[in-house]
>>> print(open('target_11.tsv').read())   # TSV, C-alpha atoms
chain	number	residue	atom	x	y	z
A	245	MET	CA	0.00	0.00	0.00
A	246	HIS	CA	1.32	3.40	-0.93
A	247	THR	CA	0.88	6.57	1.12
A	248	ILE	CA	0.76	9.95	-0.53
A	249	LEU	CA	2.35	12.64	1.60
A	250	VAL	CA	0.88	16.08	1.05
A	251	LYS	CA	2.83	18.97	2.54
A	252	LYS	CA	0.53	21.17	4.57
A	253	GLU	CA	0.86	24.91	4.23
A	254	TYR	CA	0.18	26.37	7.65
A	255	THR	CA	-1.43	29.78	7.85
A	256	LYS	CA	-0.12	32.51	10.14
A	257	LYS	CA	-3.14	31.99	12.38
A	258	GLU	CA	-2.43	28.26	12.72
A	259	VAL	CA	1.22	28.93	13.53
A	260	LEU	CA	0.23	31.41	16.21
A	261	LYS	CA	-2.40	29.08	17.64
A	262	ALA	CA	0.33	26.46	18.03
A	263	ASN	CA	2.47	29.05	19.78
A	264	GLU	CA	0.00	29.69	22.56
A	265	ALA	CA	1.31	28.75	25.98
A	266	PRO	CA	-0.48	25.59	27.17
A	267	GLY	CA	-1.05	26.83	30.72
A	268	LYS	CA	-0.60	24.79	33.86
A	269	LYS	CA	0.68	21.26	33.72
A	270	LYS	CA	-1.40	18.26	34.77
A	271	GLY	CA	-1.32	17.71	38.51
A	272	LEU	CA	-0.42	21.30	39.41
A	273	THR	CA	-3.09	23.15	41.38
A	274	SER	CA	-4.43	26.40	39.94
A	275	GLY	CA	-3.27	28.40	42.95
A	276	SER	CA	0.31	27.18	42.56
A	277	TRP	CA	0.27	27.96	38.87
A	278	VAL	CA	-1.06	31.48	39.37
A	279	HIS	CA	1.58	32.10	42.06
A	280	ASP	CA	4.27	30.83	39.69
A	281	LEU	CA	3.04	33.34	37.09
A	282	CYS	CA	3.05	36.09	39.71
A	283	SER	CA	6.64	35.33	40.66
A	284	LEU	CA	7.54	35.76	36.99
A	285	GLN	CA	5.63	39.08	36.95
A	286	LYS	CA	3.26	37.96	34.17
A	287	VAL	CA	-0.15	39.38	33.43
A	288	ILE	CA	-2.80	37.23	35.13
A	289	THR	CA	-6.14	36.73	33.43
A	290	LEU	CA	-8.96	35.21	35.46
A	291	CYS	CA	-12.55	34.36	34.60
A	292	PRO	CA	-15.42	35.65	36.80
A	293	LEU	CA	-15.61	32.37	38.72
A	294	CYS	CA	-11.88	32.41	39.62
A	295	GLN	CA	-11.47	36.10	40.40
A	296	HIS	CA	-12.58	35.96	44.02
A	297	LYS	CA	-9.88	33.38	44.79
A	298	PHE	CA	-7.08	35.79	43.86
A	299	ASN	CA	-5.83	38.57	46.14
A	300	PRO	CA	-3.95	40.93	43.79
A	301	GLY	CA	-2.81	43.48	46.40
A	302	ARG	CA	-0.93	40.89	48.41
A	303	LEU	CA	1.19	40.02	45.36
A	304	HIS	CA	1.78	43.62	44.13
A	305	TYR	CA	-0.77	43.23	41.38
A	306	ILE	CA	-3.47	45.66	40.34
A	307	ARG	CA	-6.63	45.26	38.34
A	308	ASP	CA	-6.99	47.67	35.44
A	309	LYS	CA	-10.22	49.55	36.19
A	310	ASP	CA	-10.27	51.21	32.77
A	311	MET	CA	-10.31	47.78	31.16
A	312	PRO	CA	-12.87	45.90	33.24
A	313	ILE	CA	-12.93	42.87	30.95
A	314	CYS	CA	-10.68	41.23	28.41
A	315	ILE	CA	-10.99	38.17	26.21
A	316	ALA	CA	-8.48	35.58	27.36
A	317	THR	CA	-7.89	32.10	28.69
A	318	CYS	CA	-8.34	31.92	32.47
A	319	ASP	CA	-5.06	31.17	34.21
A	320	GLY	CA	-7.00	29.41	36.96
A	321	CYS	CA	-9.33	27.01	35.14
A	322	LYS	CA	-8.01	27.29	31.53
A	323	THR	CA	-11.43	28.30	30.21
A	324	PHE	CA	-11.45	30.67	27.26
A	325	ASP	CA	-13.74	33.41	28.55
A	326	THR	CA	-14.92	36.69	27.06
A	327	HIS	CA	-15.34	38.24	30.50
A	328	CYS	CA	-11.92	37.74	32.07
A	329	ALA	CA	-10.23	40.36	34.25
A	330	ALA	CA	-6.61	41.32	33.64
A	331	TYR	CA	-4.28	41.84	36.61
A	332	PHE	CA	-0.97	43.59	35.98
A	333	TYR	CA	2.23	43.50	38.01
A	334	GLU	CA	2.21	46.98	39.48
A	335	PRO	CA	5.78	48.14	38.65
A	336	THR	CA	5.31	47.36	34.94
A	337	PHE	CA	1.70	48.55	34.66
A	338	LYS	CA	2.56	52.10	33.54
A	339	THR	CA	4.93	50.77	30.88
A	340	VAL	CA	2.20	48.93	29.04
A	341	ARG	CA	-1.04	50.70	29.92
A	342	SER	CA	-2.28	54.26	29.59
A	343	THR	CA	-5.43	55.12	31.53
A	344	ALA	CA	-7.62	58.20	31.23
A	345	ALA	CA	-6.57	59.29	34.73
A	346	ASP	CA	-2.89	59.17	33.75
A	347	ARG	CA	-3.48	61.17	30.59
A	348	ARG	CA	-5.52	63.74	32.50
A	349	ALA	CA	-2.81	64.12	35.13
A	350	GLU	CA	-0.11	64.46	32.49
A	351	ARG	CA	-2.07	67.12	30.62
A	352	THR	CA	-2.70	69.06	33.84
A	353	ALA	CA	0.99	68.92	34.77
A	354	TYR	CA	1.93	70.18	31.31
A	355	ARG	CA	-0.50	73.11	31.53
A	356	LYS	CA	0.79	74.10	34.95
A	357	ARG	CA	4.39	73.89	33.79
A	358	GLU	CA	3.72	76.00	30.70
A	359	ALA	CA	1.79	78.54	32.75
A	360	LEU	CA	4.81	78.97	35.01
A	361	LEU	CA	7.14	79.40	32.04
A	362	GLY	CA	4.79	81.93	30.47
B	277	MET	CA	4.28	51.76	24.15
B	278	GLN	CA	1.09	51.52	26.12
B	279	TYR	CA	-2.22	49.94	25.26
B	280	THR	CA	-4.77	52.75	25.32
B	281	TYR	CA	-8.12	51.70	23.87
B	282	MET	CA	-9.74	49.74	21.06
B	283	LEU	CA	-10.50	51.57	17.86
B	284	SER	CA	-13.78	49.66	17.63
B	285	GLY	CA	-14.56	50.33	21.30
B	286	GLY	CA	-14.47	46.65	22.14
B	287	THR	CA	-12.51	44.47	24.50
B	288	PRO	CA	-8.88	43.47	23.93
B	289	VAL	CA	-7.87	39.86	23.43
B	290	ILE	CA	-4.88	38.80	25.54
B	291	LYS	CA	-2.93	35.67	24.63
B	292	LYS	CA	0.06	34.09	26.30
B	293	TYR	CA	2.54	33.21	23.57
B	294	LYS	CA	5.83	31.37	23.54
B	295	THR	CA	8.67	33.77	22.79
B	296	ALA	CA	11.91	33.46	20.85
B	297	ALA	CA	14.11	35.69	22.98
B	298	SER	CA	14.16	38.13	25.86
B	299	HIS	CA	11.54	40.71	24.91
B	300	LEU	CA	10.72	43.83	26.89
B	301	ALA	CA	7.19	44.74	27.97
B	302	GLY	CA	5.52	47.36	25.79
B	303	ILE	CA	7.00	46.44	22.41
B	304	ILE	CA	5.58	44.97	19.20
B	305	VAL	CA	6.27	41.30	18.51
B	306	LEU	CA	5.98	39.52	15.18
B	307	THR	CA	4.85	36.08	13.98
B	308	PRO	CA	7.48	33.43	14.70
B	309	ALA	CA	10.38	33.29	12.30
B	310	ALA	CA	11.26	29.90	10.80
B	311	GLU	CA	12.72	27.57	13.41
B	312	ALA	CA	12.36	30.18	16.15
B	313	THR	CA	10.93	29.10	19.49
B	314	GLY	CA	8.13	31.65	19.48
B	315	VAL	CA	7.12	35.19	18.60
B	316	SER	CA	9.97	37.37	17.37
B	317	VAL	CA	10.92	40.92	18.21
B	318	SER	CA	10.08	43.81	15.86
B	319	THR	CA	12.67	46.28	14.56
B	320	THR	CA	12.77	50.06	14.71
B	321	THR	CA	10.93	50.34	11.38
B	322	GLY	CA	9.67	46.80	10.72
B	323	TRP	CA	6.30	45.61	12.02
B	324	ASP	CA	5.42	43.22	9.17
B	325	ASN	CA	3.13	40.44	10.42
B	326	SER	CA	2.91	42.01	13.85
B	327	VAL	CA	1.09	40.02	16.51
B	328	GLY	CA	0.62	42.71	19.09
B	329	LEU	CA	1.94	44.49	22.15
B	330	THR	CA	3.73	42.62	24.95
B	331	LEU	CA	2.25	43.21	28.39
B	332	ASP	CA	4.83	41.76	30.75
B	333	ARG	CA	8.57	42.04	30.90
B	334	SER	CA	9.08	38.49	31.97
B	335	LEU	CA	12.15	37.83	29.97
B	336	SER	CA	14.33	40.89	30.29
B	337	ALA	CA	17.85	39.66	30.90
B	338	ALA	CA	17.94	37.74	34.16
B	339	SER	CA	15.06	39.69	35.66
B	340	PRO	CA	13.20	37.76	36.80
B	341	ILE	CA	14.34	34.92	34.52
B	342	ALA	CA	16.51	34.82	31.43
B	343	TYR	CA	15.43	33.22	28.19
B	344	SER	CA	16.60	29.64	28.46
B	345	THR	CA	16.51	26.46	26.45
B	346	VAL	CA	17.90	24.40	29.33
B	347	GLN	CA	15.88	21.32	30.24
B	348	GLY	CA	13.88	21.94	33.39
B	349	ASP	CA	13.82	25.73	33.06
B	350	PRO	CA	10.41	27.43	32.64
B	351	GLU	CA	9.18	27.89	29.10
B	352	PRO	CA	9.51	31.53	28.06
B	353	THR	CA	6.09	33.04	27.44
B	354	GLN	CA	4.66	36.54	27.37
B	355	SER	CA	1.19	38.04	27.38
B	356	VAL	CA	0.36	39.86	24.16
B	357	ILE	CA	-2.62	42.03	23.20
B	358	VAL	CA	-3.38	40.49	19.82
B	359	SER	CA	-6.34	42.65	18.74
B	360	PRO	CA	-5.49	44.31	15.40
B	361	ASP	CA	-7.38	47.50	16.24
B	362	ALA	CA	-5.70	48.10	19.60
B	363	VAL	CA	-4.57	51.72	19.76
B	364	LEU	CA	-1.06	52.02	21.14
B	365	ARG	CA	0.27	55.16	22.78
B	366	ALA	CA	3.93	55.91	22.09
B	367	LEU	CA	6.01	58.66	23.66
B	368	LEU	CA	7.63	61.04	21.17
B	369	VAL	CA	11.37	61.33	21.77
B	370	GLY	CA	14.18	63.25	20.08
B	371	SER	CA	16.74	60.52	19.39
B	372	ALA	CA	17.40	56.79	19.25
B	373	VAL	CA	18.33	56.90	22.94
B	374	ASN	CA	15.19	58.73	24.06
B	375	VAL	CA	16.31	62.33	24.69
B	376	ALA	CA	13.62	65.03	24.76
B	377	LEU	CA	12.12	66.47	21.57
B	378	GLU	CA	13.78	69.61	20.23
B	379	GLN	CA	11.91	72.76	21.18
B	380	ARG	CA	12.42	75.52	18.63
B	381	VAL	CA	12.29	79.23	19.45
B	382	VAL	CA	10.83	81.77	17.04
B	383	GLY	CA	13.71	83.86	15.65
B	384	THR	CA	11.74	85.92	13.16
B	385	ALA	CA	8.20	86.99	13.98
B	386	SER	CA	5.35	86.24	11.57
B	387	SER	CA	2.48	88.71	11.58
B	388	ASN	CA	0.24	86.73	9.21
B	389	GLY	CA	0.68	83.50	11.20
B	390	LEU	CA	1.44	81.43	8.11
B	391	THR	CA	5.01	80.56	9.06
B	392	ALA	CA	6.97	79.55	12.12
B	393	VAL	CA	10.62	80.49	11.73
B	394	GLY	CA	13.19	79.03	14.12
B	395	THR	CA	16.47	80.44	15.39
B	396	THR	CA	19.88	79.97	13.82
B	397	GLY	CA	21.59	76.93	15.27
B	398	GLU	CA	18.45	74.86	15.56
B	399	THR	CA	17.88	71.79	13.40
B	400	ASP	CA	16.45	72.77	10.05
B	401	PRO	CA	12.86	71.45	9.76
B	402	SER	CA	13.45	70.58	6.11
B	403	ASN	CA	16.18	68.08	7.00
B	404	PRO	CA	14.86	65.73	8.34
B	405	ASP	CA	11.82	67.01	6.49
B	406	MET	CA	8.82	67.80	8.71
B	407	ASP	CA	6.61	68.52	5.68
B	408	GLU	CA	3.08	67.08	6.10
B	409	GLY	CA	3.67	66.78	9.82
B	410	THR	CA	2.40	68.90	12.70
B	411	VAL	CA	3.62	72.10	14.35
B	412	TRP	CA	2.37	73.29	17.73
B	413	TYR	CA	3.18	76.13	20.09
B	414	ASN	CA	3.89	75.87	23.79
B	415	SER	CA	3.92	79.57	24.60
B	416	GLY	CA	2.73	82.98	23.46
B	417	SER	CA	-0.60	83.82	21.85
B	418	ASN	CA	-0.57	80.47	20.06
B	419	GLY	CA	0.14	78.36	23.15
B	420	GLY	CA	-1.69	75.05	22.75
B	421	ALA	CA	-2.59	75.64	19.07
B	422	SER	CA	-1.45	73.23	16.38
B	423	ARG	CA	-1.56	73.08	12.57
B	424	LYS	CA	-0.64	70.61	9.87
B	425	ILE	CA	2.57	71.61	8.11
B	426	THR	CA	2.12	72.02	4.37
B	427	SER	CA	5.71	72.82	3.39
B	428	THR	CA	9.17	73.45	4.81
B	429	THR	CA	12.17	75.45	3.59
B	430	THR	CA	15.83	75.40	4.45
B	431	ALA	CA	15.48	78.79	6.13
B	432	LEU	CA	14.34	77.19	9.41
B	433	THR	CA	10.74	77.73	8.30
B	434	VAL	CA	7.61	75.62	8.42
B	435	THR	CA	4.54	76.85	6.55
B	436	VAL	CA	0.87	76.25	7.30
B	437	ILE	CA	-2.28	77.14	5.35
B	438	VAL	CA	-4.73	77.81	8.18
B	439	PRO	CA	-2.93	80.71	9.90
B	440	PHE	CA	-1.94	80.90	13.53
B	441	ALA	CA	-2.30	84.19	15.38
B	442	ALA	CA	0.71	86.48	14.91
B	443	ASN	CA	3.66	85.13	16.83
B	444	ARG	CA	6.58	86.97	18.37
B	445	VAL	CA	10.30	86.35	18.78
B	446	GLY	CA	10.90	83.95	21.67
B	447	ASP	CA	7.70	81.91	21.32
B	448	ARG	CA	8.40	78.18	21.64
B	449	PHE	CA	7.17	75.59	19.18
B	450	ILE	CA	7.74	71.91	18.32
B	451	THR	CA	7.52	70.13	14.98
B	452	ILE	CA	7.08	66.45	14.17
B	453	ASP	CA	6.55	64.68	10.86
B	454	TYR	CA	3.33	62.95	11.93
B	455	SER	CA	-0.23	64.12	11.58
B	456	GLN	CA	-3.62	62.60	12.31
B	457	GLY	CA	-4.72	59.92	9.86
B	458	GLN	CA	-1.24	59.55	8.43
B	459	VAL	CA	-0.06	56.09	7.32
B	460	THR	CA	3.55	56.85	6.43
B	461	GLY	CA	5.28	54.83	9.11
B	462	VAL	CA	7.23	55.51	12.27
B	463	THR	CA	10.79	54.96	13.45
B	464	MET	CA	11.10	53.56	16.96
B	465	SER	CA	13.89	54.31	19.41
B	466	THR	CA	16.51	51.62	20.00
B	467	ASN	CA	14.60	50.09	22.91
B	468	LEU	CA	11.47	49.86	20.65
B	469	LEU	CA	9.31	51.63	23.24
B	470	ASN	CA	9.11	55.17	21.85
B	471	VAL	CA	8.68	56.95	18.50
B	472	ARG	CA	11.48	59.16	17.23
B	473	GLY	CA	9.86	62.54	16.64
B	474	GLU	CA	12.99	64.16	15.23
B	475	MET	CA	12.97	61.80	12.21
B	476	ALA	CA	10.98	62.17	9.02
B	477	ALA	CA	8.23	59.58	8.45
B	478	THR	CA	9.81	56.47	6.95
B	479	GLY	CA	7.52	55.58	4.08
B	480	THR	CA	7.06	52.10	5.51
B	481	THR	CA	3.62	51.08	6.67
B	482	ASN	CA	4.21	49.82	10.17
B	483	GLY	CA	1.92	52.17	12.09
B	484	ALA	CA	-0.83	54.68	11.28
B	485	THR	CA	-1.36	57.76	13.41
B	486	VAL	CA	-4.85	57.76	14.90
B	487	ASP	CA	-4.34	60.74	17.16
B	488	LEU	CA	-1.79	63.06	18.73
B	489	GLU	CA	-1.29	64.21	22.31
B	490	LEU	CA	0.60	67.46	21.90
B	491	ASN	CA	2.14	68.54	25.19
B	492	GLY	CA	5.75	69.42	25.94
B	493	THR	CA	9.11	68.02	24.86
B	494	THR	CA	8.95	65.06	27.23
B	495	ASP	CA	5.24	64.27	27.39
B	496	SER	CA	3.84	64.29	23.85
B	497	TYR	CA	2.48	61.08	22.36
B	498	LEU	CA	1.33	59.41	19.16
B	499	HIS	CA	-1.64	57.05	19.11
B	500	LEU	CA	-0.89	54.28	16.62
B	501	VAL	CA	-2.56	51.24	15.10
B	502	GLN	CA	-0.63	48.42	13.45
B	503	LEU	CA	-1.07	48.39	9.67
B	504	ASN	CA	0.33	44.97	8.86
B	505	HIS	CA	-1.15	42.82	11.60
B	506	ALA	CA	-1.02	39.02	11.34
B	507	PHE	CA	-4.73	38.75	12.15
B	508	ALA	CA	-5.90	41.57	9.92
B	509	SER	CA	-3.97	41.14	6.67
B	510	SER	CA	-4.30	38.36	4.12
>>> encode(input="target_11.tsv", output="structure tokens")
Amino acid sequence: MHTILVKKEYTKKEVLKANEAPGKKKGLTSGSWVHDLCSLQKVITLCPLCQHKFNPGRLHYIRDKDMPICIATCDGCKTFDTHCAAYFYEPTFKTVRSTAADRRAERTAYRKREALLG
Amino acid sequence: MQYTYMLSGGTPVIKKYKTAASHLAGIIVLTPAAEATGVSVSTTTGWDNSVGLTLDRSLSAASPIAYSTVQGDPEPTQSVIVSPDAVLRALLVGSAVNVALEQRVVGTASSNGLTAVGTTGETDPSNPDMDEGTVWYNSGSNGGASRKITSTTTALTVTVIVPFAANRVGDRFITIDYSQGQVTGVTMSTNLLNVRGEMAATGTTNGATVDLELNGTTDSYLHLVQLNHAFASS
């Protein structure tokens, strides 16, 4: 019996799907996995059912109030959810996120500075 | 760069992707190169097949872990906002190493408001050419006003069509080669976090300018969308 091998041309989307991180390994509890991610200062995404189990302040994380939901895979239960919450490691938050409050404060500081300079 | 909002007003999609090297947080990453271990880093002018903006700095050298292919080490991954219409906010800087933008000072007053003429010794706005960019004042009767530049000359002059109020010698103004709705491409600083405002637009199509935040020399920003996104192009 002969087998015909057909080379598959992968699309960019398929390549990227294959590049998604698989999440926690079998046997590891969700809490351990989320704490591992926190120690690596990663963004944590949690679905509504897992959010109450996570205490962001204790781990120097903050929830982005300007972005109440995001579409992501829950780091706790691995469910792809359209109503996840994103928690950012606080020291890197300002590097990657601009909120309306930040922009307002920056604009106010600029106006005050220019008013002083005349 | 910072994630600011969605052009469509929706919710961003965040994915955790395997990475091919130590990437910073707040930079654009690209689809994996052949035989690479994950998403690749962009260049100062190249965003072809961009995937999105990195959200954590997990793999900056040795802090907290270095990129490693050693058995037993954690797999390098990073969170990425992969939505093609995510608007990214980039600080405007004046060089590859992120110095402040150049602030020009009016050397010759313009009563009709159609020109802004700098002072001898300043960088000529025609080289790099700021034509089709934006000029705005930080002081004087035009403080806070901006116009699109319609031409430049070698005599330290930028010209506009909709006139400013008359300016006077000593007024401070800034020019950049970006204007709202422009799709002519940006040049990033060496660390890939900021946009070089002292350069002319590149002609590449990496980012389109959605909006401008025109403040001072150290706190002005471009709002960009990625033009050649892996999930938006064919």
>>> interface_residues(input="target_11.tsv", of="chain B", to="chain A", cutoff="8 Å", atoms="all atoms listed in the file", output="ChimeraX atom specification")
/B:277-280,287-294,301-302,307-308,314-315,330-334,340-341,353-355,365,414-416,491-492,495,506-507
>>> residues_around(input="target_11.tsv", residues="region 269-276 of chain A", least_positions_apart="5", cutoff="10 Å", atoms="all atoms listed in the file", output="list in words")
Leu281, Cys282, Cys294, Lys297, Phe298, Asp319, Gly320, Cys321 and Lys322 of chain A
>>> atom_distance(input="target_11.tsv", atom1="CA of Ser316 (chain B)", atom2="CA of Ile303 (chain B)")
10.8 Å
>>> atom_distance(input="target_11.tsv", atom1="CA of Asp405 (chain B)", atom2="CA of Asn325 (chain B)")
28.2 Å
>>> atom_distance(input="target_11.tsv", atom1="CA of Gly370 (chain B)", atom2="CA of Asp400 (chain B)")
14.0 Å
>>> closest_residue(input="target_11.tsv", among="B:Ala431, B:Ile452, B:Val373, B:Val411", to="Thr396 (chain B)", atoms="only C-alpha atoms")
B:Ala431
>>> closest_residue(input="target_11.tsv", among="B:Asn470, B:Ser371, B:Ser386, B:Thr321", to="Asn482 (chain B)", atoms="all atoms listed in the file")
B:Thr321
>>> residues_around(input="target_11.tsv", residues="Asp324 (chain B)", least_positions_apart="5", cutoff="10 Å", atoms="only C-alpha atoms", output="list in words")
Val305, Leu306, Thr307, Ser318, Thr319, Thr480, Thr481, Asn482, Gln502, Leu503, Asn504, His505, Ala506 and Ser509 of chain B
>>> closest_residue(input="target_11.tsv", among="B:Thr451, B:Thr466, B:Thr295, B:Ser326", to="Leu377 (chain B)", atoms="all atoms listed in the file")
B:Thr451
>>> closest_residue(input="target_11.tsv", among="B:Gly420, B:Gly397, B:Gly446, B:Gly461", to="Val381 (chain B)", atoms="only C-alpha atoms")
B:Gly446
